[in-house]
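> Dropping a structure here in structure tokens format, bear with me for questions.
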Amino acid sequence: MPERQPLLRVEGLAHYFDVSPPLLNRVFEGKKRLFLKAVDDVSFHIKPGETFALVGESGCGKSTVARLIVRLYDPMRGTIEFEGQDISHVESRKDFLNFRRKAQMIFQDPYASLNPRWRVRDIVGEPIRAFGLLKDGETLDGRVGVLLNQVGLSPSDGDKYPHEFSGGQRQRISIARALSSNPDFLVCDEPTSALDVSVQAQILNLMKQLQRDLGLTYLFISHDLAVVYHMADHVGVMYLGRLAEVADSQSLFTRPRHPYTRLLLDALPDLENVGRERTPVAGEVPNPINPPPGCGFHPRCPFASERCRSERPELMAVDDGFVSCHAVEEGRMPEGIELPPLAETPD
Amino acid sequence: MSTLVRTRESLYRIIDSDIFYSFRSSPVTVGAAIVTLILVLGAIFAPLVTPHDPYDLEALNLMDAFNPPVWYEDGTWSFMLGTDDQGRGILSAIVYGMRLSLWVGLVAVLFSGVIGVALGLVAGYVGGNTDAVIMRVAEVQLTFPAILIALLIDGVLRGILPPFMIEELAIWVVIVSIGISGWPQYARTVRASTIVENNKEYVHAAVLTGIHPAMIMIRHVLPNVMGPVLVIATIQLAIAIINEATLSFLGVGIPVTEPSLGTLLRVGNNFLFSGEWWITVFPGVALALLVIAVNLVGDWMRDAFNPKLR
């Protein structure tokens with residue numbers, strides 16, 4: 001079977017935020033320019049119909065990757081290929097609008113992602129109007145009704161304002177808006193982290209069902225490993241703006257390679273080992289303005305060697321994924337920490 | 001579901017709302033609102049509520065000049081608050097003057113509001129150097145008192161305009177001067193709220209639809225930053241009325257033929273020490289009443305719409 005072409009291929013993506021002190025302070029106090037390395041050399045690809053998840057702690061740059069890919073930010077370095085076309089530097093407005101139509105986003109905060117002064121019908125219909133997909137007012141209303149049905153709301157909800165809905169319902173509206181331009185690719189930036197657990201499951205199941213029905217491809221950003229296990233085909237673990245490990249979901253959760261991935265999985269609460277002694281991890285996430293030399297994880301890593309403190313590990317292929325770790329490369333990692341598989345979240 | 005039911009529902013919601021409760025429970029605000037309403041209605045229907053038309057030069061009689069108010073021995077009921085040096089009834093002049101003051105204030109506030117909101121939106125949305133330039137200009141202008149700026153612009157405009165047009169356009173010169181002197185207030189507030197709104201995800205979602213940034217600013221951001229603007233506008237209305245009165249008092253505002261409250265004060269000031277106190281005092285009281293009432297309503301709005309104080 002020939003390999004399917006990836007829908008999205010990200011290569012060497014980097015984005016720094018300028019957090020320099022104001023010009024006057026730099027001139028008179030001799031302060032230096034400062035950059036926050038939010039994303040540094042991130043590469044991965046997503047095949048059509050798959051879900052690729054990015055996980056990591058707050059501030060590791062996963063949301064920035066999401067925003068770079070839909071071009072809310074302009075990437076500083078690297079390429080983003082969508083359907084084989086590099087969209088990191090736009091050639092023509094027409095091509096770019098085509099990309100905009102095909103790649104939409106679901107946002108984290110359902111309370112901030114809907115304009116409070118617009119009716120739901122206008123919110124959901126906006127992409128349709130903006131891309132000129134339907135001109136006639138009546139067919140547009142009909143389409144919005146179909147979309148609202150699709151996400152489990154009633155077409156008559158179109159008359160209401162966002163404040164009349166709960167968080168989960170708002171997230172459904174957000175999904176309906178993202179679907180309204182018939183996209184192939186959805187970037188989901190922590191779509192459930194602001195919701196109650198019971199509502200989270202509803203939204204995740206809705207997203208899975210939509211993926212099956214519409215053949216969608218997801219880039220799924222999350223810090224919740226249980227959610228990622230439920231949703232993702234492939235997982236990328238980010239730490240300090242870099243990818244620590246990329247693997248398919250099954251092997252990442254059963255055989256984590258990178259020490260950071262092991263740490264994350266070890267911190268997962270589970271029902272079987274209540275009260276178990278856990279090895280707490282020393283230290284905090286280092287400041288991304290001034291990251292440690294070498295491997296970004298070495299100050300917290302129990303397997304760090306002299307080489308880890310000076311030389312930055314590159315992402316390298318291991319049998320079923322990619323890992324950036326000297327210890328794995330050198331075979332210093334104690335093998336055989338087989339974790340029991342997570343209980344499947346009931347659908 | 002008819003529109004009638006919907007209207008009744010929304011009316012009920014307004015009466016039931018926090019804002020209306022805070023309005024009801026503040027007698028000072030209710031009083032100020034009633035005074036403002038009476039003054040505004042009086043100004044709008046000036047020809048109906050006044051006994052004389054002070055702008056009708058033919059109806060004026062110099063024999064009526066310097067009539068005292070009605071409770072003096074030679075006061076008459078037809079000029080309740082007395083007359084000025086040209087025989088104009090002070091009461092009628094006040095009502096007409098208030099009409100002019102309110103008109104100048106409203107248009108000036110609208111003018112500065114449009115400039116300030118537009119510049120604030122652009123500064124907040126575009127950011128970077130555009131933001132820096134607009135905001136530095138606003139800050140420099142704020143270091144001067146607004147009345148000084150208005151006086152300066154008034155002088156410049158009078159210098160540019162041909163002499164025969166100055167009299168005709170006097171009102172508009174005043175409006176433009178006061179309007180330009182007030183824009184930084186709006187620009188600073190709108191810029192700050194725009195930056196807040198900009199970081200909200202509904203603006204990102206709009207960006208993802210590929211529509212033009214100007215459309216995002218007008219259709220998405222603008223409606224969400226207008227709340228504080230309305231509050232500032234109310235407070236600025238009082239300031240604009242005062243500034244108009246100041247300009248007119250200094251003789252560079254509204255001409256004597258169609259006096260505003262400030263012009264009346266200036267005219268009366270000449271006779272203050274010769275015993276005809278009513279020419280100055282009544283317009284002054286009217287001006288103070290108007291400004292205080294509008295200001296109190298504005299203060300209440302500022303507090304009522306500030307979520308941190310609720």
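Residue names in the structure tokens use chain letters A, B, ... in the order shown, residue numbers from 1 in each chain, and ligand numbers from 1 in the order shown.
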With only C-alpha atoms counted and 8 Å as the cut-off, give the residues of chain B in contact with chain A, each with its shortest interatomic distance in Å and the pair that gives it, as a tab-separated table.


residue	atom	partner	partner_atom	distance
B:Lys200	CA	A:Ala112	CA	5.4
B:Glu201	CA	A:Ser113	CA	4.3
B:Tyr202	CA	A:Ser113	CA	4.0
B:Val203	CA	A:Ser113	CA	7.6
B:His204	CA	A:Leu72	CA	7.1
B:Ala205	CA	A:Ser113	CA	7.1
B:Val207	CA	A:Leu72	CA	7.5
B:Leu208	CA	A:Arg100	CA	6.1
B:Thr209	CA	A:Pro127	CA	5.3
B:Gly210	CA	A:Leu97	CA	6.3
B:Ile211	CA	A:Ala130	CA	6.2
B:His220	CA	A:Asn115	CA	7.0
B:Pro223	CA	A:Arg117	CA	7.1
B:Asn224	CA	A:Arg117	CA	7.2

> Please, which residues of range 77-217 of chain A, numbered as in this document, come out alpha helix (DSSP H) from DSSP, as JSON, numbers by chain?

{"A": [93, 94, 95, 96, 97, 98, 99, 100, 101, 102, 120, 121, 122, 123, 124, 125, 126, 127, 128, 129, 130, 137, 138, 139, 140, 141, 142, 143, 144, 145, 146, 147, 148, 149, 150, 167, 168, 169, 170, 171, 172, 173, 174, 175, 176, 177, 178, 179, 197, 198, 199, 200, 201, 202, 203, 204, 205, 206, 207, 208, 209, 210, 211, 212, 213, 214]}

> Where does DSSP see strand (DSSP E or B) in range 169-262 of chain A, if you list the residues as a list in words?

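Checking each residue of range 169-262 of chain A, the strand (DSSP E or B) ones are Phe185, Leu186, Val187, Cys188, Asp189, Thr217, Tyr218, Leu219, Phe220, Ile221, Ser222, His234, Val235, Gly236, Val237, Met238, Tyr239, Arg242, Leu243, Ala244, Glu245, Val246, Ala247 and Asp248 of chain A.
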
> When you look at Val190 in chain B with a cut-off of 9 Å (counting only C-alpha atoms), what residues show up, excluding the ones that are within fewer than 3 positions of it in the same chain? I need them as a ChimeraX atom specification.

/B:116-121,123-124,185-187,193-195,222,225-226,228-229

> Can you spit out the residues from that selection as a JSON list (two decimals), in the first residue's frame, using C-alpha atoms?


[["chain", "number", "residue", "atom", "x", "y", "z"],
["B", 116, "GLY", "CA", -10.91, 59.57, 18.94],
["B", 117, "VAL", "CA", -12.62, 56.21, 18.47],
["B", 118, "ALA", "CA", -11.23, 55.82, 14.94],
["B", 119, "LEU", "CA", -7.66, 56.69, 15.97],
["B", 120, "GLY", "CA", -7.90, 54.57, 19.12],
["B", 121, "LEU", "CA", -9.13, 51.58, 17.15],
["B", 123, "ALA", "CA", -3.71, 52.40, 17.29],
["B", 124, "GLY", "CA", -4.89, 49.42, 19.29],
["B", 185, "GLN", "CA", -9.75, 60.91, 25.97],
["B", 186, "TYR", "CA", -11.60, 58.61, 23.57],
["B", 187, "ALA", "CA", -8.49, 57.44, 21.77],
["B", 193, "SER", "CA", -10.14, 48.20, 25.19],
["B", 194, "THR", "CA", -9.17, 47.34, 21.61],
["B", 195, "ILE", "CA", -5.96, 45.70, 22.79],
["B", 222, "LEU", "CA", -15.98, 48.42, 17.60],
["B", 225, "VAL", "CA", -15.45, 48.80, 22.89],
["B", 226, "MET", "CA", -18.38, 51.24, 22.70],
["B", 228, "PRO", "CA", -16.90, 53.00, 27.95],
["B", 229, "VAL", "CA", -17.10, 55.44, 25.03]]

> In Å to one decimal, how far is CA of Met238 in chain A from CA of Gly56 in chain A?

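Straight-line distance from CA of Gly56 in chain A to CA of Met238 in chain A works out to 5.0 Å.
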
> Skip range 140-146 of chain B itself and residues of its chain fewer than 6 positions away, then list as a PDB file with N, CA and C atoms, in the first residue's frame all residues within 8 Å of it, counting only C-alpha atoms.


ATOM      1  N   ILE B 178     -13.576  72.684  19.876  1.00  0.00           N
ATOM      2  CA  ILE B 178     -13.829  71.872  21.071  1.00  0.00           C
ATOM      3  C   ILE B 178     -13.689  70.393  20.743  1.00  0.00           C
ATOM      4  N   SER B 181     -10.131  69.351  20.601  1.00  0.00           N
ATOM      5  CA  SER B 181      -9.465  69.372  21.906  1.00  0.00           C
ATOM      6  C   SER B 181      -9.835  68.155  22.752  1.00  0.00           C
ATOM      7  N   GLY B 182     -10.871  67.402  22.370  1.00  0.00           N
ATOM      8  CA  GLY B 182     -11.344  66.321  23.241  1.00  0.00           C
ATOM      9  C   GLY B 182     -10.992  64.913  22.813  1.00  0.00           C
ATOM     10  N   PRO B 184      -8.280  62.959  22.540  1.00  0.00           N
ATOM     11  CA  PRO B 184      -7.371  61.993  23.184  1.00  0.00           C
ATOM     12  C   PRO B 184      -8.048  61.132  24.239  1.00  0.00           C
TER      13      PRO B 184
END

> Which residues are close to Glu314 in chain A, i.e. within 8 Å by only C-alpha atoms, leaving aside same-chain residues fewer than 2 positions away? Reply as a PyMOL selection string.

chain A and resi 312+316+323-325

> Suppose we keep N, CA, C and O atoms; can you now write the selection as a PDB file, in the first residue's frame?


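Produced file result-v6.pdb, reproduced below:
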ATOM      1  N   ARG A 312      22.804  19.939  22.367  1.00  0.00           N
ATOM      2  CA  ARG A 312      21.354  19.834  22.216  1.00  0.00           C
ATOM      3  C   ARG A 312      21.010  18.601  21.392  1.00  0.00           C
ATOM      4  O   ARG A 312      21.515  18.437  20.284  1.00  0.00           O
ATOM      5  N   MET A 316      15.567  12.148  16.488  1.00  0.00           N
ATOM      6  CA  MET A 316      16.071  11.063  15.642  1.00  0.00           C
ATOM      7  C   MET A 316      15.085   9.896  15.661  1.00  0.00           C
ATOM      8  O   MET A 316      14.339   9.687  16.624  1.00  0.00           O
ATOM      9  N   VAL A 323      12.587  10.504  18.811  1.00  0.00           N
ATOM     10  CA  VAL A 323      12.892  10.943  20.166  1.00  0.00           C
ATOM     11  C   VAL A 323      14.087  11.875  20.083  1.00  0.00           C
ATOM     12  O   VAL A 323      15.004  11.653  19.288  1.00  0.00           O
ATOM     13  N   SER A 324      14.089  12.938  20.896  1.00  0.00           N
ATOM     14  CA  SER A 324      15.308  13.742  20.980  1.00  0.00           C
ATOM     15  C   SER A 324      15.855  13.605  22.386  1.00  0.00           C
ATOM     16  O   SER A 324      15.448  14.308  23.299  1.00  0.00           O
ATOM     17  N   CYS A 325      16.755  12.639  22.551  1.00  0.00           N
ATOM     18  CA  CYS A 325      17.318  12.385  23.878  1.00  0.00           C
ATOM     19  C   CYS A 325      18.639  11.640  23.715  1.00  0.00           C
ATOM     20  O   CYS A 325      18.707  10.612  23.035  1.00  0.00           O
TER      21      CYS A 325
END

> Give me the residues within 10 Å of Asn243 in chain B as a ChimeraX atom specification, counting only C-alpha atoms and dropping any in the same chain fewer than 6 places off.

/B:101,105,146-148,150-151,174,177-178,181,237,249,253,262

> From the set A:Ser193, A:Ser166, A:Gln85, A:Gln150, which residue has the shortest atom-to-atom contact distance to Ser180 in chain A, counting only C-alpha atoms?

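Of A:Ser193, A:Ser166, A:Gln85, A:Gln150, the one nearest Ser180 in chain A, counting only C-alpha atoms, is A:Gln150.
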
> Within 8 Å of Gly12 in chain A, counting only C-alpha atoms, which residues qualify if same-chain residues fewer than 4 places away don't, as a tab-separated table (two decimals) with N, CA and C atoms, in the first residue's frame?


chain	number	residue	atom	x	y	z
A	40	ASP	N	10.72	26.36	18.75
A	40	ASP	CA	12.08	26.32	18.22
A	40	ASP	C	12.29	25.00	17.48
A	41	ASP	N	12.29	25.09	16.16
A	41	ASP	CA	12.64	23.92	15.36
A	41	ASP	C	11.70	22.74	15.61
A	42	VAL	N	10.44	22.95	15.25
A	42	VAL	CA	9.45	21.88	15.40
A	42	VAL	C	9.10	21.31	14.03
A	43	SER	N	9.17	19.99	13.89
A	43	SER	CA	8.83	19.34	12.63
A	43	SER	C	7.91	18.16	12.89
A	77	ARG	N	10.87	31.16	11.14
A	77	ARG	CA	11.64	30.25	10.32
A	77	ARG	C	10.79	29.03	10.04
A	78	GLY	N	11.19	28.29	9.03
A	78	GLY	CA	10.55	27.01	8.80
A	78	GLY	C	9.45	27.10	7.75
A	79	THR	N	8.98	25.93	7.33
A	79	THR	CA	7.95	25.89	6.31
A	79	THR	C	6.73	25.14	6.84
